[in-house]
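Enquirer: Attaching a single structure in structure tokens format; questions to follow.
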Amino acid sequence: MKKFRNILLQLLGPFLSLVLAFIVCGAFILVVGKDPFAVYGRFFSETLGNPYGVGQILFKATPLMFTGLSAAIAFRAGLFNIGAEGQLYIGSFVTAWIGFTFTSLPAIVLLPLCVFGGMLGGAVWGAIPGVLKAKFGAHEVINTIMMNFIAAALISYLVNNIFAVPATVHTPSISDKAELMRLDQLSAIFKGSPVNFSLVIALLACAFLYYFLWKTRQGYEIRAVGLSITAASYGGIDVSRRTIMAMTMAGAFAGLVGSNFVLGYKHYFELGFSEGVGFIGIAAALLGRNHPIGIIVASLFFGTLEYGSLTINTIVPKELVNILQAIIILFVIVLTKVFDRWIKVMNRPVETIHV
Amino acid sequence: MFDSLLSFAFVAQTLRISVPYALPALGATFSERGGVVNIALEGILLIGAFATTVGTYYSHDPIIGILCGVAAGMLTALLHSVTSVTFKTDQIVSGIAINLLALGITKFSCQLIFSSSSNSARIPGIEEWGVLSSIPILNPFIVGTAILALLSHFVLYKTRFGLRLRAVGEHPAAVETLGLSVSGLRYAGVLISGALAGLGGSWLALDQHSFTDGISAGRGFIALAAMIIGKWKPIGAVGACLLFGFAESLTIQLQGSFAATQFVQMIPYVLTMVVLAGFIGKSTPPAADGIPFENG
């Protein structure tokens, strides 16, 4: 009974945040002289109301699952990965590079190689701040931010100065053998929407993280480090090693983003393609309480917002959705604190209250 | 090439470029010395620049614009203090959310006011102030930044408020024992950072005579990096900003003559990581930096 009540209270925070954020944004819409019901009505009918919209949501949700997992594994280890943006940038570029360079390989080799290369690129970019944290105690927040900028400059050099197709900011197209199938080729339901097999990779990655964190020793050790470094190291856990491992895995998850955009959609790497999914992934992890299932739900929700912003652009500027996202995050962090405090107070044994 | 590096114009350019790094970096020292990590500086720069543009556009007076920029910066900082000081939420997440909010609000409002989400109408700049701004080095913003740097040093190290603010970042419980308000001091630190970053935004808008989307271009983050390289000290932070300004002027000078300006762009970031790792002197944050204070 008590456990049930606690879970309910934990879910109440995010739910209430969404409601409040929609109300605050509704006020915004009113201020600019538009009808909030018209905006929200259009928003939901164009996204959830038809199969094409649902396909678009799934397409937008896929990269958020990867970056959400990336933030979550780091959070579980007590680390903050703001570097998903840079990691996915490097990873996606490597994915594309393999795809347009090793074109003579058969599909069965080339496609997995592209996916794996993306993971590897992201993993290296995540491991660097991990090593700096573990060996020198350098704060991973600042280092991951710096790594984002370094990634942006490096990839800008590689694309603009070496690989760009003339007069564009993208690389040549990958071999068609490396392309991931779109789901609308399987079923007419998603007709025309870009959702592709990367979604399956994302769901597998979610399942993997669940298995890893709760069913393996390394996963347990990472969670132990996240809960208490002192307790973990007293229990014989190599904290440095688990720190590096968590950041490397965080990078690898982020590096999978290229499978959605490069392999499944555009078939080339384009500068600035990611539009901040690395940062929204942090919000998805937070809203999903760093649990794979929560992340799937939160990614679908943020995916709906991302695609929905394009559908309301004719009534209000689409940036309304950025405001909505930000307000949701602010409410979630504040209300989570408030509700967690309530849970703590309510669960306190009766006797101690009078001490 | 080296002649051009030593020229008067090059020095002036370096100083001009350093201003929008130095102002938020000075702000960051106040916020972080008080124990609040403020990665919302990036968003505050954006909002400051936008508010300055709107204020100047309607009043045709850059002074009014600057006041709007500073006020908007403080208002945004207030939001960060409410979440991170009063509600004790994670300061990094709050900062990320505020940056996202700033991006959304500025583009949204820009579309409504100027019918374009990417740039505003042209506004008058500080050139209208006449003789003061005709001499490049004596530009009021450059002089102002230098004065503010000295003033920040004075406030942090020579006043009672500064001592208390630094104490709250090192050992908040001790400050509370003295009967002082931890929250009050932290609010003050964050609000000062908002005012300074807002002023940095004003300079961006007035220098460019308009607001363009993403005008802050990561300067808030670089300001944080500069503060770290400057070891959480105002003068050190400004020194690091001058170094970054120099690197950026260099990339502009080298444009065309050297293909890979991107590698020069990386200098501040790589340098920050090297310093953080302790390879060039140790840079240690205040002990309670980033940790919400739980009393009782």
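Just so we're on the same page: first chain in the structure tokens is A, next is B, and so on; residues restart at 1 for each chain, and ligands are numbered from 1 in the order they show up.
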Determine, counting only C-alpha atoms, which protein, DNA and RNA residues have an atom within 10 Å of an atom of Leu191 of chain B; residues of the same chain fewer than 6 positions away are not included. Present the result as a list in words.
Expert: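 Here the answer would be Gly27, Phe30, Ser31, Ala71, Gly73, Met74, Leu75, Thr76, Ala77, Leu78, Leu79, His80, Ser81, Leu185 and Ala197 of chain B.
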Enquirer: Could you list, as an MDAnalysis selection string, every residue of chain A that has an atom within 8 Å of an atom of chain B, counting only C-alpha atoms?
Expert: chainID A and resid 32 132 136:139 142:143 145:147 149:150 153:154 156:157 161 279 317:323 325:327 329:330 333:334 337:338
Enquirer: I want to know what sits within 10 Å of Ile244 of chain A, based on only C-alpha atoms, with residues of the same chain fewer than 6 positions away left out; could you give that as a PyMOL selection string?
Expert: chain A and resi 74+77+126-135+250
Enquirer: Applying 7 Å and only C-alpha atoms, which residues near Leu26 of chain B remain after dropping the ones on its own chain fewer than 2 positions away? List them as a list in words.
Expert: Ala22, Leu23, Pro24, Ala28, Thr29, Phe30, Ala149, Pro234 and Ala237 of chain B
Enquirer: Next, the residues of the selection above should be written as a PDB file, in the first residue's frame with N, CA and C atoms.
Expert:
ATOM      1  N   ALA B  22      34.210  38.597 -21.148  1.00  0.00           N
ATOM      2  CA  ALA B  22      34.648  39.058 -19.830  1.00  0.00           C
ATOM      3  C   ALA B  22      33.478  39.382 -18.911  1.00  0.00           C
ATOM      4  N   LEU B  23      32.429  40.025 -19.455  1.00  0.00           N
ATOM      5  CA  LEU B  23      31.318  40.404 -18.574  1.00  0.00           C
ATOM      6  C   LEU B  23      30.627  39.185 -17.947  1.00  0.00           C
ATOM      7  N   PRO B  24      30.189  38.188 -18.743  1.00  0.00           N
ATOM      8  CA  PRO B  24      29.614  37.003 -18.084  1.00  0.00           C
ATOM      9  C   PRO B  24      30.632  36.236 -17.233  1.00  0.00           C
ATOM     10  N   ALA B  28      30.105  35.103 -13.545  1.00  0.00           N
ATOM     11  CA  ALA B  28      30.249  33.715 -13.088  1.00  0.00           C
ATOM     12  C   ALA B  28      31.030  33.640 -11.782  1.00  0.00           C
ATOM     13  N   THR B  29      32.036  34.511 -11.609  1.00  0.00           N
ATOM     14  CA  THR B  29      32.798  34.442 -10.359  1.00  0.00           C
ATOM     15  C   THR B  29      31.891  34.749  -9.158  1.00  0.00           C
ATOM     16  N   PHE B  30      30.965  35.704  -9.324  1.00  0.00           N
ATOM     17  CA  PHE B  30      30.070  36.026  -8.206  1.00  0.00           C
ATOM     18  C   PHE B  30      29.144  34.850  -7.897  1.00  0.00           C
ATOM     19  N   ALA B 149      35.885  44.941 -13.781  1.00  0.00           N
ATOM     20  CA  ALA B 149      36.787  43.872 -13.338  1.00  0.00           C
ATOM     21  C   ALA B 149      37.475  44.274 -12.040  1.00  0.00           C
ATOM     22  N   PRO B 234      38.121  37.260 -10.360  1.00  0.00           N
ATOM     23  CA  PRO B 234      37.700  38.203 -11.409  1.00  0.00           C
ATOM     24  C   PRO B 234      38.838  38.597 -12.358  1.00  0.00           C
ATOM     25  N   ALA B 237      39.903  35.698 -14.456  1.00  0.00           N
ATOM     26  CA  ALA B 237      38.894  35.357 -15.455  1.00  0.00           C
ATOM     27  C   ALA B 237      38.990  36.303 -16.647  1.00  0.00           C
TER      28      ALA B 237
END
Enquirer: Could you go through segment 102-333 of chain A and tell me which residues DSSP, when run on the backbone, assigns to strand (DSSP E or B), listing them as a ChimeraX atom specification?
Expert: /A:170,182,196,270
Enquirer: Report, in Å to a single decimal, how far apart atom CA of Leu111 of chain A and atom CA of Arg182 of chain A are.
Expert: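 Separation of atom CA of Arg182 of chain A and atom CA of Leu111 of chain A: 14.4 Å.
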Enquirer: Which distance in Å separates atom CA of Gly121 of chain A and atom CA of Val109 of chain A, to one decimal?
Expert: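 Atom CA of Val109 of chain A lies at a distance of 17.9 Å from atom CA of Gly121 of chain A.
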